[in-house]
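Remarks on the structure that follows.
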Amino acid sequence: MAEACSLLLLLVFVLSGAPVEGRHGSKLSQNYYKSTCPEVFSIVQAEVEAALNKEPRMGASLLRLHFHDCFVNGCDGSILLDDNATFIGEKTAPPNVNSTRGFNVVDDIKARLEDACPGVVSCADILAIAARDSTVILGGHSWKVKLGRKDATTASNGAATEFIPRPNLNISALVSSFDAQGLSLKDLVALSGAHTIGLAKCETFRAHIHNDSNIDPTFAKSLQRKCPRAGKDNIHQQLDLQTPTSFDNSYFKNLLKKKGLLRSDQELFSGTSADSLVKKYAADSSEFFKHFSKSMIKLGNIKPITGSSGKIRINCRKVN
């Protein structure tokens, strides 16, 4: 479906809300760049469309960049920073190394924005818009992205290692990880639905398919041939076998059949209070889309740097 989908982004905003206060008192707002960079949405949209037209998988990569950015000291674009003399950044932290991608797409978006409105749009805001646009292009619903985040001037490898949830976590650890960011169980389940798109490496699901009982045996056996107990760490597998480049609710239908690729996926349907949410989203895609949109807004509101604090980085990979 994704390959055939129209590249006309449906700019139908389904959710709204009051401005959100940032780390330093200023508000995030959908209209933040209305006078300073009115083309911001159309520029980001065009670049994301071009990237996904070349490679639909890039939608999952851009969505993941925003998620991994926000879980480490807030949505501040720190994940985009390369290592330098003063800090080791987040790109080489275990949850990100040889895994996060899409940095070149962000570079292209930033270059276009610098041409149109120099020094105005933050890298953190680019990630937020690109995540929304990627979702919609691949078939999901839209939401109103609040803007006005500033960029961090440092990054933390240690914080990325500590706070980004790992694919081997059980439900209790997942709930704790999301709770630390102010996100609820409903947010956890809804945001995990982003695994309806994208790929995962053998090393991230090996333990689940070889050691866990909460998995369909036939499904596990088929994966074991591709991902043995040793070796082939970097072999990739689609997170959703049915519609891997379409943003839909197939992920939740897979969980009901015990066909979640990652342990952290299947933990969402393992006899806990999360089960009812998985069943709801599997039965009604509109409920999933609605809750996913709401949860993405909450994710984007995690501890943004606003006001006079932070910077607008000219190059998203380095501090000005």
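Just remember, in the structure tokens the first chain shown is A, the second B, etc., residues are 1-based per chain, and ligands are 1-based in the order shown.
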Write out as a short mmCIF file (atom, residue, chain, number, x, y, z; two decimals) with N, CA, C and O atoms, in the first residue's frame which residues come within 6 Å of Gly140 of chain A when counting only C-alpha atoms, dropping same-chain ones fewer than 4 positions away.
```cif
data_model
loop_
_atom_site.label_atom_id
_atom_site.label_comp_id
_atom_site.auth_asym_id
_atom_site.auth_seq_id
_atom_site.Cartn_x
_atom_site.Cartn_y
_atom_site.Cartn_z
N THR A 135 4.25 9.60 9.17
CA THR A 135 3.09 8.81 9.57
C THR A 135 1.95 8.95 8.57
O THR A 135 1.34 7.96 8.14
N VAL A 136 1.67 10.19 8.17
CA VAL A 136 0.54 10.44 7.28
C VAL A 136 0.81 9.88 5.88
O VAL A 136 -0.07 9.26 5.26
N PHE A 247 1.15 2.35 7.49
CA PHE A 247 0.85 2.68 8.89
C PHE A 247 -0.61 2.30 9.16
O PHE A 247 -1.53 3.02 8.80
#
```
For this session: Mind the document's chain letters and residue numbers, and return as a VMD selection string the residues of segment 93-313 of chain A that DSSP labels strand (DSSP E).
Result: chain A and resid 199 to 201 236 to 238
Could you list, with a cut-off of 12 Å and counting only C-alpha atoms, the residues of segment 174-239 of chain A near segment 253-260 of chain A, each shown with its nearest atom pair and the distance in Å rounded to one decimal, rows sorted by chain and ascending number, as JSON lines?
```
{"residue": "A:Val189", "atom": "CA", "partner": "A:Leu255", "partner_atom": "CA", "distance": 11.4}
{"residue": "A:Ser192", "atom": "CA", "partner": "A:Gly260", "partner_atom": "CA", "distance": 11.1}
{"residue": "A:Gly193", "atom": "CA", "partner": "A:Leu255", "partner_atom": "CA", "distance": 10.5}
{"residue": "A:His195", "atom": "CA", "partner": "A:Gly260", "partner_atom": "CA", "distance": 9.5}
{"residue": "A:Thr196", "atom": "CA", "partner": "A:Asn254", "partner_atom": "CA", "distance": 9.6}
{"residue": "A:Ala200", "atom": "CA", "partner": "A:Gly260", "partner_atom": "CA", "distance": 11.6}
{"residue": "A:Phe205", "atom": "CA", "partner": "A:Gly260", "partner_atom": "CA", "distance": 9.6}
{"residue": "A:His208", "atom": "CA", "partner": "A:Gly260", "partner_atom": "CA", "distance": 9.3}
{"residue": "A:Ile209", "atom": "CA", "partner": "A:Gly260", "partner_atom": "CA", "distance": 9.6}
{"residue": "A:Asp212", "atom": "CA", "partner": "A:Lys258", "partner_atom": "CA", "distance": 11.0}
{"residue": "A:Ser213", "atom": "CA", "partner": "A:Lys258", "partner_atom": "CA", "distance": 9.6}
{"residue": "A:Asn214", "atom": "CA", "partner": "A:Lys258", "partner_atom": "CA", "distance": 6.5}
{"residue": "A:Ile215", "atom": "CA", "partner": "A:Lys258", "partner_atom": "CA", "distance": 4.7}
{"residue": "A:Asp216", "atom": "CA", "partner": "A:Lys258", "partner_atom": "CA", "distance": 5.1}
{"residue": "A:Pro217", "atom": "CA", "partner": "A:Lys258", "partner_atom": "CA", "distance": 8.9}
{"residue": "A:Thr218", "atom": "CA", "partner": "A:Lys259", "partner_atom": "CA", "distance": 9.5}
{"residue": "A:Phe219", "atom": "CA", "partner": "A:Lys259", "partner_atom": "CA", "distance": 6.5}
{"residue": "A:Ala220", "atom": "CA", "partner": "A:Lys259", "partner_atom": "CA", "distance": 8.1}
{"residue": "A:Lys221", "atom": "CA", "partner": "A:Lys259", "partner_atom": "CA", "distance": 11.4}
{"residue": "A:Ser222", "atom": "CA", "partner": "A:Lys259", "partner_atom": "CA", "distance": 11.2}
{"residue": "A:Leu223", "atom": "CA", "partner": "A:Lys259", "partner_atom": "CA", "distance": 10.6}
{"residue": "A:Gln237", "atom": "CA", "partner": "A:Gly260", "partner_atom": "CA", "distance": 11.7}
{"residue": "A:Gln238", "atom": "CA", "partner": "A:Gly260", "partner_atom": "CA", "distance": 10.6}
{"residue": "A:Leu239", "atom": "CA", "partner": "A:Gly260", "partner_atom": "CA", "distance": 7.7}
```
Exercise. Would you give me, as a VMD selection string, the residues in segment 133-255 of chain A that DSSP reads as alpha helix (DSSP H)?
Worked result: chain A and resid 133 to 137 157 to 163 171 to 179 185 to 192 202 to 211 217 to 226 250 to 255
Problem set entry | Point-to-point distance in Å for atom CA of Ala130 of chain A and atom CA of Ile43 of chain A |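 Straight-line distance from atom CA of Ile43 of chain A to atom CA of Ala130 of chain A works out to 10.3 Å.
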For this session: Record the distance separating atom CA of Leu65 of chain A and atom CA of Pro94 of chain A, expressed in Å with one decimal.
Result: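 Answer for the atom CA of Leu65 of chain A to atom CA of Pro94 of chain A separation: 14.3 Å.
With distances restricted to only C-alpha atoms, A:Ala93 is the closest residue to Val72 of chain A from A:Cys316, A:Ala46, A:Ala93, A:Ala173.
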For this session: Would you mind listing what lies within 9 Å of Ile109 of chain A as a list in words, with only C-alpha atoms counted and same-chain residues fewer than 2 positions away left out?
Result: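 Here the answer would be Ile43, Val44, Ala46, Glu47, Val48, Asn104, Val105, Val106, Asp107, Ala111, Arg112, Leu113, Glu114 and Ile126 of chain A.
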Problem set entry | Nearest to Asn320 of chain A by atom-to-atom distance, counting only C-alpha atoms, from A:Ala131, A:Leu147, A:Ala152, A:Ala85 |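 Ranked by minimum distance to Asn320 of chain A, first place goes to A:Ala152.
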Exercise. Closest to Leu174 of chain A among A:Leu268, A:Ala155, A:Leu261, A:Leu52, using only C-alpha atoms?
Worked result: A:Leu268
Problem set entry | Between atom CA of Ser177 of chain A and atom CA of Gly310 of chain A - distance in Å to one decimal |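 Atom CA of Gly310 of chain A sits 25.7 Å away from atom CA of Ser177 of chain A.
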For this session: Check the smallest atom-to-atom distance from each of A:Cys37, A:Ala282, A:Ala207, A:Leu127 to Asp233 of chain A using only C-alpha atoms, then report the winner.
Result: A:Ala207
